[in-house]
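Raw data_35.pdb, PDB, C-alpha atoms, pLDDT in the B column:
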```pdb
ATOM      1  CA  MET K   1      10.325  32.758   1.070  1.00 53.00           C
ATOM      2  CA  GLU K   2      11.363  29.173   1.706  1.00 64.00           C
ATOM      3  CA  SER K   3      13.814  27.486  -0.602  1.00 79.00           C
ATOM      4  CA  ILE K   4      13.123  24.331  -2.589  1.00 77.00           C
ATOM      5  CA  GLY K   5      15.313  22.269  -0.232  1.00 76.00           C
ATOM      6  CA  ASP K   6      13.194  23.268   2.756  1.00 76.00           C
ATOM      7  CA  LEU K   7      10.072  22.383   0.786  1.00 73.00           C
ATOM      8  CA  ILE K   8      11.376  18.871   0.037  1.00 72.00           C
ATOM      9  CA  ILE K   9      12.559  18.194   3.607  1.00 72.00           C
ATOM     10  CA  ALA K  10       9.515  19.623   5.409  1.00 72.00           C
ATOM     11  CA  LYS K  11       6.917  17.848   3.273  1.00 79.00           C
ATOM     12  CA  TYR K  12       8.714  14.524   2.781  1.00 83.00           C
ATOM     13  CA  ASN K  13       5.747  12.208   3.289  1.00 84.00           C
ATOM     14  CA  TYR K  14       3.780  14.054   0.605  1.00 90.00           C
ATOM     15  CA  TRP K  15       6.736  13.505  -1.764  1.00 90.00           C
ATOM     16  CA  ALA K  16       6.640   9.814  -0.776  1.00 91.00           C
ATOM     17  CA  VAL K  17       2.905   9.773  -1.599  1.00 94.00           C
ATOM     18  CA  ILE K  18       3.606  11.224  -5.081  1.00 94.00           C
ATOM     19  CA  THR K  19       6.441   8.719  -5.693  1.00 94.00           C
ATOM     20  CA  LEU K  20       4.318   5.741  -4.630  1.00 95.00           C
ATOM     21  CA  LEU K  21       1.377   6.916  -6.775  1.00 96.00           C
ATOM     22  CA  LEU K  22       3.705   7.118  -9.788  1.00 96.00           C
ATOM     23  CA  ILE K  23       5.175   3.638  -9.048  1.00 95.00           C
ATOM     24  CA  GLY K  24       1.687   2.125  -8.847  1.00 95.00           C
ATOM     25  CA  LEU K  25       0.470   3.892 -11.995  1.00 96.00           C
ATOM     26  CA  TYR K  26       3.578   2.787 -13.920  1.00 96.00           C
ATOM     27  CA  ALA K  27       3.076  -0.834 -12.808  1.00 94.00           C
ATOM     28  CA  MET K  28      -0.599  -0.785 -13.810  1.00 94.00           C
ATOM     29  CA  ILE K  29       0.097   0.699 -17.270  1.00 95.00           C
ATOM     30  CA  ALA K  30       3.491  -0.604 -18.392  1.00 94.00           C
ATOM     31  CA  LYS K  31       3.831  -4.084 -16.856  1.00 93.00           C
ATOM     32  CA  LYS K  32       2.553  -6.995 -18.976  1.00 92.00           C
ATOM     33  CA  ASN K  33       2.058  -9.567 -16.193  1.00 93.00           C
ATOM     34  CA  LEU K  34      -1.362  -9.560 -14.516  1.00 93.00           C
ATOM     35  CA  VAL K  35      -0.014 -10.214 -10.979  1.00 93.00           C
ATOM     36  CA  LYS K  36       2.369  -7.252 -11.416  1.00 94.00           C
ATOM     37  CA  LYS K  37      -0.597  -5.087 -12.404  1.00 95.00           C
ATOM     38  CA  ILE K  38      -2.465  -6.183  -9.247  1.00 95.00           C
ATOM     39  CA  ILE K  39       0.590  -5.351  -7.085  1.00 95.00           C
ATOM     40  CA  GLY K  40       0.687  -1.909  -8.731  1.00 95.00           C
ATOM     41  CA  MET K  41      -2.993  -1.371  -7.946  1.00 95.00           C
ATOM     42  CA  ASN K  42      -2.352  -2.225  -4.283  1.00 95.00           C
ATOM     43  CA  ILE K  43       0.638   0.163  -4.103  1.00 95.00           C
ATOM     44  CA  PHE K  44      -1.605   2.914  -5.532  1.00 96.00           C
ATOM     45  CA  GLN K  45      -4.266   2.253  -2.862  1.00 94.00           C
ATOM     46  CA  THR K  46      -1.718   2.284  -0.014  1.00 94.00           C
ATOM     47  CA  ALA K  47      -0.305   5.598  -1.304  1.00 95.00           C
ATOM     48  CA  ILE K  48      -3.767   7.195  -1.074  1.00 95.00           C
ATOM     49  CA  ILE K  49      -4.169   5.827   2.476  1.00 94.00           C
ATOM     50  CA  LEU K  50      -0.740   7.310   3.362  1.00 93.00           C
ATOM     51  CA  PHE K  51      -1.925  10.696   2.018  1.00 94.00           C
ATOM     52  CA  TYR K  52      -4.980  10.678   4.290  1.00 93.00           C
ATOM     53  CA  VAL K  53      -2.998   9.591   7.378  1.00 92.00           C
ATOM     54  CA  SER K  54      -0.470  12.387   6.654  1.00 90.00           C
ATOM     55  CA  ILE K  55      -3.313  14.938   6.689  1.00 89.00           C
ATOM     56  CA  GLY K  56      -4.337  13.835  10.191  1.00 86.00           C
ATOM     57  CA  SER K  57      -0.915  13.893  11.881  1.00 85.00           C
ATOM     58  CA  LYS K  58       0.249  16.885  13.959  1.00 82.00           C
ATOM     59  CA  LYS K  59       3.613  17.918  15.347  1.00 80.00           C
ATOM     60  CA  GLY K  60       3.876  17.450  19.128  1.00 79.00           C
ATOM     61  CA  ALA K  61       0.586  15.593  19.477  1.00 81.00           C
ATOM     62  CA  THR K  62      -0.111  12.163  20.976  1.00 83.00           C
ATOM     63  CA  ILE K  63      -2.385   9.305  19.942  1.00 85.00           C
ATOM     64  CA  PRO K  64      -6.127  10.093  20.224  1.00 82.00           C
ATOM     65  CA  ILE K  65      -6.896   8.388  23.559  1.00 82.00           C
ATOM     66  CA  ILE K  66      -8.117  10.757  26.300  1.00 77.00           C
ATOM     67  CA  LEU K  67      -6.554   9.728  29.629  1.00 71.00           C
ATOM     68  CA  HIS K  68      -8.074  12.375  31.923  1.00 66.00           C
ATOM     69  CA  GLY K  69     -11.537  13.047  30.603  1.00 59.00           C
ATOM     70  CA  PRO K  70     -13.762  15.971  31.574  1.00 59.00           C
ATOM     71  CA  ALA K  71     -15.938  13.715  33.749  1.00 62.00           C
ATOM     72  CA  GLY K  72     -13.471  13.140  36.583  1.00 60.00           C
ATOM     73  CA  SER K  73     -11.304  16.262  36.354  1.00 60.00           C
ATOM     74  CA  SER K  74     -11.764  19.984  36.019  1.00 59.00           C
ATOM     75  CA  HIS K  75      -9.460  20.850  33.096  1.00 66.00           C
ATOM     76  CA  ALA K  76     -10.689  20.847  29.502  1.00 71.00           C
ATOM     77  CA  VAL K  77      -9.444  18.584  26.696  1.00 75.00           C
ATOM     78  CA  HIS K  78      -7.255  20.463  24.184  1.00 79.00           C
ATOM     79  CA  ALA K  79      -7.792  19.195  20.648  1.00 79.00           C
ATOM     80  CA  ALA K  80      -4.299  20.378  19.614  1.00 81.00           C
ATOM     81  CA  ASP K  81      -2.735  17.758  21.927  1.00 83.00           C
ATOM     82  CA  TYR K  82      -4.255  14.833  20.031  1.00 86.00           C
ATOM     83  CA  ILE K  83      -3.811  13.578  16.449  1.00 88.00           C
ATOM     84  CA  ASN K  84      -6.985  13.916  14.361  1.00 88.00           C
ATOM     85  CA  PRO K  85      -8.587  10.415  14.350  1.00 89.00           C
ATOM     86  CA  LEU K  86     -11.181  11.067  11.606  1.00 92.00           C
ATOM     87  CA  PRO K  87      -8.889  10.209   8.591  1.00 92.00           C
ATOM     88  CA  HIS K  88      -7.737   7.052  10.429  1.00 92.00           C
ATOM     89  CA  VAL K  89     -11.310   5.783  10.779  1.00 92.00           C
ATOM     90  CA  LEU K  90     -12.012   6.498   7.104  1.00 92.00           C
ATOM     91  CA  MET K  91      -8.853   4.649   6.065  1.00 92.00           C
ATOM     92  CA  LEU K  92      -9.728   1.529   8.109  1.00 92.00           C
ATOM     93  CA  THR K  93     -12.620   1.055   5.669  1.00 92.00           C
ATOM     94  CA  ALA K  94     -10.276   1.663   2.719  1.00 92.00           C
ATOM     95  CA  ILE K  95      -7.884  -1.110   3.890  1.00 93.00           C
ATOM     96  CA  VAL K  96     -10.719  -3.643   4.113  1.00 93.00           C
ATOM     97  CA  VAL K  97     -12.005  -2.592   0.659  1.00 93.00           C
ATOM     98  CA  SER K  98      -8.475  -2.945  -0.774  1.00 94.00           C
ATOM     99  CA  VAL K  99      -8.108  -6.543   0.461  1.00 94.00           C
ATOM    100  CA  ALA K 100     -11.555  -7.358  -0.994  1.00 94.00           C
ATOM    101  CA  THR K 101     -10.602  -5.955  -4.418  1.00 95.00           C
ATOM    102  CA  LEU K 102      -7.314  -7.873  -4.202  1.00 95.00           C
ATOM    103  CA  GLY K 103      -9.199 -11.142  -3.658  1.00 95.00           C
ATOM    104  CA  VAL K 104     -11.557 -10.513  -6.583  1.00 96.00           C
ATOM    105  CA  ALA K 105      -8.678  -9.482  -8.883  1.00 95.00           C
ATOM    106  CA  LEU K 106      -6.606 -12.577  -8.037  1.00 95.00           C
ATOM    107  CA  ALA K 107      -9.657 -14.841  -8.558  1.00 95.00           C
ATOM    108  CA  LEU K 108     -10.171 -13.280 -12.013  1.00 95.00           C
ATOM    109  CA  ALA K 109      -6.457 -13.734 -12.826  1.00 94.00           C
ATOM    110  CA  MET K 110      -6.652 -17.449 -11.838  1.00 94.00           C
ATOM    111  CA  LYS K 111      -9.748 -17.846 -14.061  1.00 95.00           C
ATOM    112  CA  ILE K 112      -7.888 -16.210 -16.981  1.00 94.00           C
ATOM    113  CA  TYR K 113      -4.932 -18.550 -16.364  1.00 94.00           C
ATOM    114  CA  SER K 114      -7.152 -21.653 -16.458  1.00 93.00           C
ATOM    115  CA  GLN K 115      -8.720 -20.395 -19.713  1.00 92.00           C
ATOM    116  CA  TYR K 116      -5.600 -19.274 -21.629  1.00 91.00           C
ATOM    117  CA  GLY K 117      -2.702 -20.984 -19.819  1.00 90.00           C
ATOM    118  CA  THR K 118      -0.693 -17.790 -19.309  1.00 90.00           C
ATOM    119  CA  LEU K 119      -0.652 -14.607 -17.233  1.00 90.00           C
ATOM    120  CA  GLU K 120       1.095 -12.334 -19.787  1.00 91.00           C
ATOM    121  CA  GLU K 121      -1.182  -9.773 -21.379  1.00 91.00           C
ATOM    122  CA  ASP K 122       0.345  -9.897 -24.890  1.00 91.00           C
ATOM    123  CA  GLU K 123       0.135 -13.732 -25.078  1.00 91.00           C
ATOM    124  CA  ILE K 124      -3.522 -13.596 -23.948  1.00 92.00           C
ATOM    125  CA  LEU K 125      -4.289 -11.032 -26.676  1.00 92.00           C
ATOM    126  CA  GLU K 126      -2.543 -13.239 -29.294  1.00 92.00           C
ATOM    127  CA  LYS K 127      -4.656 -16.248 -28.245  1.00 92.00           C
ATOM    128  CA  ILE K 128      -7.850 -14.187 -28.402  1.00 92.00           C
ATOM    129  CA  MET K 129      -6.934 -12.994 -31.931  1.00 92.00           C
ATOM    130  CA  GLU K 130      -6.148 -16.599 -33.003  1.00 92.00           C
ATOM    131  CA  SER K 131      -9.472 -17.919 -31.713  1.00 90.00           C
ATOM    132  CA  GLU K 132     -11.349 -15.116 -33.506  1.00 88.00           C
ATOM    133  CA  THR K 133      -9.665 -15.592 -36.899  1.00 87.00           C
ATOM    134  CA  GLY K 134      -9.266 -19.382 -36.888  1.00 72.00           C
TER     135      GLY K 134
ATOM    136  CA  MET Q   1       6.654  11.997  14.620  1.00 53.00           C
ATOM    137  CA  ILE Q   2      10.304  11.030  15.061  1.00 62.00           C
ATOM    138  CA  TRP Q   3      11.715  12.377  11.837  1.00 68.00           C
ATOM    139  CA  PRO Q   4      15.049  10.435  11.329  1.00 80.00           C
ATOM    140  CA  LEU Q   5      13.233   7.121  11.867  1.00 84.00           C
ATOM    141  CA  ASP Q   6      10.465   8.407   9.611  1.00 85.00           C
ATOM    142  CA  ILE Q   7      12.814   9.214   6.718  1.00 86.00           C
ATOM    143  CA  ILE Q   8      14.487   5.775   6.967  1.00 91.00           C
ATOM    144  CA  ILE Q   9      11.102   4.013   6.901  1.00 92.00           C
ATOM    145  CA  VAL Q  10       9.828   6.177   4.000  1.00 92.00           C
ATOM    146  CA  SER Q  11      12.885   5.324   1.906  1.00 92.00           C
ATOM    147  CA  MET Q  12      12.485   1.606   2.799  1.00 93.00           C
ATOM    148  CA  VAL Q  13       8.844   1.783   1.641  1.00 94.00           C
ATOM    149  CA  ILE Q  14       9.856   3.264  -1.719  1.00 94.00           C
ATOM    150  CA  ILE Q  15      12.717   0.744  -2.178  1.00 95.00           C
ATOM    151  CA  CYS Q  16      10.407  -2.211  -1.398  1.00 94.00           C
ATOM    152  CA  GLY Q  17       7.755  -0.848  -3.789  1.00 94.00           C
ATOM    153  CA  ILE Q  18      10.211  -0.488  -6.678  1.00 95.00           C
ATOM    154  CA  ALA Q  19      11.705  -3.949  -5.967  1.00 95.00           C
ATOM    155  CA  ALA Q  20       8.258  -5.604  -5.809  1.00 93.00           C
ATOM    156  CA  ILE Q  21       7.319  -4.459  -9.305  1.00 92.00           C
ATOM    157  CA  SER Q  22      10.726  -4.959 -10.934  1.00 93.00           C
ATOM    158  CA  ILE Q  23      11.630  -8.526  -9.783  1.00 93.00           C
ATOM    159  CA  LYS Q  24      11.122 -11.318 -12.359  1.00 92.00           C
ATOM    160  CA  ASP Q  25      10.010 -14.066  -9.950  1.00 93.00           C
ATOM    161  CA  LEU Q  26       6.360 -13.712  -8.904  1.00 93.00           C
ATOM    162  CA  LEU Q  27       6.849 -15.483  -5.530  1.00 94.00           C
ATOM    163  CA  GLY Q  28       9.634 -13.017  -4.742  1.00 94.00           C
ATOM    164  CA  ALA Q  29       7.314 -10.183  -5.766  1.00 94.00           C
ATOM    165  CA  ALA Q  30       4.688 -11.488  -3.315  1.00 94.00           C
ATOM    166  CA  ILE Q  31       7.231 -11.632  -0.456  1.00 94.00           C
ATOM    167  CA  LEU Q  32       8.543  -8.130  -1.302  1.00 95.00           C
ATOM    168  CA  PHE Q  33       4.981  -6.847  -1.343  1.00 95.00           C
ATOM    169  CA  GLY Q  34       4.543  -8.263   2.169  1.00 94.00           C
ATOM    170  CA  ALA Q  35       7.707  -6.410   3.235  1.00 94.00           C
ATOM    171  CA  TYR Q  36       6.307  -3.237   1.638  1.00 95.00           C
ATOM    172  CA  SER Q  37       3.052  -3.600   3.609  1.00 94.00           C
ATOM    173  CA  PHE Q  38       4.938  -4.165   6.855  1.00 94.00           C
ATOM    174  CA  MET Q  39       7.121  -1.081   6.282  1.00 94.00           C
ATOM    175  CA  MET Q  40       3.940   0.914   5.594  1.00 93.00           C
ATOM    176  CA  CYS Q  41       2.518  -0.407   8.895  1.00 93.00           C
ATOM    177  CA  LEU Q  42       5.651   0.773  10.760  1.00 93.00           C
ATOM    178  CA  LEU Q  43       5.320   4.195   9.104  1.00 92.00           C
ATOM    179  CA  TRP Q  44       1.734   4.563  10.268  1.00 91.00           C
ATOM    180  CA  SER Q  45       2.531   3.535  13.835  1.00 90.00           C
ATOM    181  CA  VAL Q  46       5.313   6.172  13.865  1.00 88.00           C
ATOM    182  CA  MET Q  47       2.807   8.752  12.591  1.00 87.00           C
ATOM    183  CA  GLY Q  48       0.411   7.919  15.456  1.00 86.00           C
ATOM    184  CA  ALA Q  49      -2.251   6.016  13.527  1.00 89.00           C
ATOM    185  CA  VAL Q  50      -2.080   2.857  15.650  1.00 90.00           C
ATOM    186  CA  ASP Q  51      -5.491   1.458  14.628  1.00 91.00           C
ATOM    187  CA  VAL Q  52      -4.631   1.774  10.928  1.00 92.00           C
ATOM    188  CA  ALA Q  53      -1.213   0.238  11.672  1.00 93.00           C
ATOM    189  CA  PHE Q  54      -2.462  -2.959  13.259  1.00 91.00           C
ATOM    190  CA  THR Q  55      -5.217  -3.373  10.675  1.00 92.00           C
ATOM    191  CA  GLU Q  56      -2.558  -3.066   7.955  1.00 91.00           C
ATOM    192  CA  ALA Q  57      -0.254  -5.519   9.767  1.00 92.00           C
ATOM    193  CA  SER Q  58      -2.952  -8.200   9.955  1.00 92.00           C
ATOM    194  CA  VAL Q  59      -4.835  -7.545   6.689  1.00 91.00           C
ATOM    195  CA  GLY Q  60      -2.217  -6.016   4.386  1.00 87.00           C
ATOM    196  CA  ALA Q  61       0.926  -7.875   5.398  1.00 89.00           C
ATOM    197  CA  GLY Q  62      -0.871 -11.090   6.481  1.00 91.00           C
ATOM    198  CA  VAL Q  63      -3.923 -11.890   4.379  1.00 93.00           C
ATOM    199  CA  SER Q  64      -2.718 -10.152   1.168  1.00 93.00           C
ATOM    200  CA  THR Q  65       0.567 -12.080   1.178  1.00 94.00           C
ATOM    201  CA  VAL Q  66      -1.302 -15.360   1.732  1.00 94.00           C
ATOM    202  CA  PHE Q  67      -3.599 -14.505  -1.208  1.00 95.00           C
ATOM    203  CA  PHE Q  68      -0.643 -13.690  -3.464  1.00 94.00           C
ATOM    204  CA  VAL Q  69       1.282 -16.862  -2.544  1.00 94.00           C
ATOM    205  CA  ALA Q  70      -1.831 -19.029  -3.072  1.00 94.00           C
ATOM    206  CA  ALA Q  71      -2.517 -17.407  -6.464  1.00 94.00           C
ATOM    207  CA  VAL Q  72       1.111 -17.794  -7.582  1.00 93.00           C
ATOM    208  CA  PHE Q  73       1.128 -21.493  -6.600  1.00 93.00           C
ATOM    209  CA  ARG Q  74      -2.091 -22.089  -8.577  1.00 92.00           C
ATOM    210  CA  THR Q  75      -0.821 -20.253 -11.688  1.00 91.00           C
ATOM    211  CA  SER Q  76       2.675 -19.756 -13.077  1.00 88.00           C
ATOM    212  CA  ARG Q  77       5.625 -18.438 -11.127  1.00 87.00           C
ATOM    213  CA  ARG Q  78       7.615 -16.899 -13.971  1.00 86.00           C
ATOM    214  CA  SER Q  79       7.104 -13.402 -15.336  1.00 85.00           C
ATOM    215  CA  LYS Q  80       8.575 -11.776 -18.424  1.00 84.00           C
ATOM    216  CA  ASP Q  81       8.891  -8.284 -16.982  1.00 79.00           C
TER     217      ASP Q  81
END
```

Please re-express this file's structure in structure tokens.
Amino acid sequence: MESIGDLIIAKYNYWAVITLLLIGLYAMIAKKNLVKKIIGMNIFQTAIILFYVSIGSKKGATIPIILHGPAGSSHAVHAADYINPLPHVLMLTAIVVSVATLGVALALAMKIYSQYGTLEEDEILEKIMESETG
Amino acid sequence: MIWPLDIIIVSMVIICGIAAISIKDLLGAAILFGAYSFMMCLLWSVMGAVDVAFTEASVGAGVSTVFFVAAVFRTSRRSKD
């Protein structure tokens, strides 16, 4: 039966993932500025990438490059000596997708700024209500 | 994984994330977000994911920061929260 202190220390990067997910979610919901919301969305995406990279890492393993392959030598390759590279390859795609969504979101924010003259969400909503009533 | 270095970098990541969303100046938020991405890149290279680390260093800390700075210079720099 492990204590709660051991649980926090042994699984610290999963606690960091939870903290970063909560920071990103708070910024997306509670912040009024649109650029702050986009920063929160990016923090959320990086936290998910950190979760996947944490799944792949092993204690006492090295980076997944085989130096002495089975072609030239007689000994077999032990999979426990190498970090699992499959989550890394999946997360390379996720990084490229995150920079694409960042570009689209900032282009939309610049379009909103040229239309309404502000980046604050409450002022934009006031201007929309004014243009509907008047 | 070298765990004392890892804990220092994890706490730096969380500090940079909180600072990037709580600063009033949007240009400062963009720079702090670049620092956050670079700390995340260091964390991944410590964890052995070197390909993810150098993609994050070029795309996350490089191109994302350039996008943020360009967007802040084309819109307003001040933020209410």

Please return, as a PyMOL selection string, all residues of chain Q lying within 10 Å of chain K when all atoms listed in the file are considered.
chain Q and resi 1-3+6-7+10-11+13-14+17-18+20-24+26+29-30+33+36-37+40+43-45+47-56+59-60+63-64+67-68+70-72+74-81

Print the selection's residues with C-alpha atoms to a file, as a PDB file, keeping the file's coordinate frame.
```pdb
ATOM      1  CA  MET Q   1       6.654  11.997  14.620  1.00 53.00           C
ATOM      2  CA  ILE Q   2      10.304  11.030  15.061  1.00 62.00           C
ATOM      3  CA  TRP Q   3      11.715  12.377  11.837  1.00 68.00           C
ATOM      4  CA  ASP Q   6      10.465   8.407   9.611  1.00 85.00           C
ATOM      5  CA  ILE Q   7      12.814   9.214   6.718  1.00 86.00           C
ATOM      6  CA  VAL Q  10       9.828   6.177   4.000  1.00 92.00           C
ATOM      7  CA  SER Q  11      12.885   5.324   1.906  1.00 92.00           C
ATOM      8  CA  VAL Q  13       8.844   1.783   1.641  1.00 94.00           C
ATOM      9  CA  ILE Q  14       9.856   3.264  -1.719  1.00 94.00           C
ATOM     10  CA  GLY Q  17       7.755  -0.848  -3.789  1.00 94.00           C
ATOM     11  CA  ILE Q  18      10.211  -0.488  -6.678  1.00 95.00           C
ATOM     12  CA  ALA Q  20       8.258  -5.604  -5.809  1.00 93.00           C
ATOM     13  CA  ILE Q  21       7.319  -4.459  -9.305  1.00 92.00           C
ATOM     14  CA  SER Q  22      10.726  -4.959 -10.934  1.00 93.00           C
ATOM     15  CA  ILE Q  23      11.630  -8.526  -9.783  1.00 93.00           C
ATOM     16  CA  LYS Q  24      11.122 -11.318 -12.359  1.00 92.00           C
ATOM     17  CA  LEU Q  26       6.360 -13.712  -8.904  1.00 93.00           C
ATOM     18  CA  ALA Q  29       7.314 -10.183  -5.766  1.00 94.00           C
ATOM     19  CA  ALA Q  30       4.688 -11.488  -3.315  1.00 94.00           C
ATOM     20  CA  PHE Q  33       4.981  -6.847  -1.343  1.00 95.00           C
ATOM     21  CA  TYR Q  36       6.307  -3.237   1.638  1.00 95.00           C
ATOM     22  CA  SER Q  37       3.052  -3.600   3.609  1.00 94.00           C
ATOM     23  CA  MET Q  40       3.940   0.914   5.594  1.00 93.00           C
ATOM     24  CA  LEU Q  43       5.320   4.195   9.104  1.00 92.00           C
ATOM     25  CA  TRP Q  44       1.734   4.563  10.268  1.00 91.00           C
ATOM     26  CA  SER Q  45       2.531   3.535  13.835  1.00 90.00           C
ATOM     27  CA  MET Q  47       2.807   8.752  12.591  1.00 87.00           C
ATOM     28  CA  GLY Q  48       0.411   7.919  15.456  1.00 86.00           C
ATOM     29  CA  ALA Q  49      -2.251   6.016  13.527  1.00 89.00           C
ATOM     30  CA  VAL Q  50      -2.080   2.857  15.650  1.00 90.00           C
ATOM     31  CA  ASP Q  51      -5.491   1.458  14.628  1.00 91.00           C
ATOM     32  CA  VAL Q  52      -4.631   1.774  10.928  1.00 92.00           C
ATOM     33  CA  ALA Q  53      -1.213   0.238  11.672  1.00 93.00           C
ATOM     34  CA  PHE Q  54      -2.462  -2.959  13.259  1.00 91.00           C
ATOM     35  CA  THR Q  55      -5.217  -3.373  10.675  1.00 92.00           C
ATOM     36  CA  GLU Q  56      -2.558  -3.066   7.955  1.00 91.00           C
ATOM     37  CA  VAL Q  59      -4.835  -7.545   6.689  1.00 91.00           C
ATOM     38  CA  GLY Q  60      -2.217  -6.016   4.386  1.00 87.00           C
ATOM     39  CA  VAL Q  63      -3.923 -11.890   4.379  1.00 93.00           C
ATOM     40  CA  SER Q  64      -2.718 -10.152   1.168  1.00 93.00           C
ATOM     41  CA  PHE Q  67      -3.599 -14.505  -1.208  1.00 95.00           C
ATOM     42  CA  PHE Q  68      -0.643 -13.690  -3.464  1.00 94.00           C
ATOM     43  CA  ALA Q  70      -1.831 -19.029  -3.072  1.00 94.00           C
ATOM     44  CA  ALA Q  71      -2.517 -17.407  -6.464  1.00 94.00           C
ATOM     45  CA  VAL Q  72       1.111 -17.794  -7.582  1.00 93.00           C
ATOM     46  CA  ARG Q  74      -2.091 -22.089  -8.577  1.00 92.00           C
ATOM     47  CA  THR Q  75      -0.821 -20.253 -11.688  1.00 91.00           C
ATOM     48  CA  SER Q  76       2.675 -19.756 -13.077  1.00 88.00           C
ATOM     49  CA  ARG Q  77       5.625 -18.438 -11.127  1.00 87.00           C
ATOM     50  CA  ARG Q  78       7.615 -16.899 -13.971  1.00 86.00           C
ATOM     51  CA  SER Q  79       7.104 -13.402 -15.336  1.00 85.00           C
ATOM     52  CA  LYS Q  80       8.575 -11.776 -18.424  1.00 84.00           C
ATOM     53  CA  ASP Q  81       8.891  -8.284 -16.982  1.00 79.00           C
TER      54      ASP Q  81
END
```

Which residues come within 7 Å of Ala57 (chain Q), counting all atoms listed in the file, excluding same-chain residues fewer than 4 positions away, as a PDB file with C-alpha atoms, keeping the file's coordinate frame?
```pdb
ATOM      1  CA  PHE Q  38       4.938  -4.165   6.855  1.00 94.00           C
ATOM      2  CA  CYS Q  41       2.518  -0.407   8.895  1.00 93.00           C
ATOM      3  CA  ALA Q  53      -1.213   0.238  11.672  1.00 93.00           C
ATOM      4  CA  ALA Q  61       0.926  -7.875   5.398  1.00 89.00           C
ATOM      5  CA  GLY Q  62      -0.871 -11.090   6.481  1.00 91.00           C
TER       6      GLY Q  62
END
```

Considering all atoms listed in the file, state which residue in the set Q:Leu27, Q:Met39, Q:Ser58, Q:Val46 is at the smallest distance from Leu5 (chain Q).
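When distances to Leu5 (chain Q) are compared using all atoms listed in the file, the smallest one comes from Q:Val46.
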
Atom pair CA of Val104 (chain K) / CA of Gly28 (chain Q): separation (Å)
21.4 Å
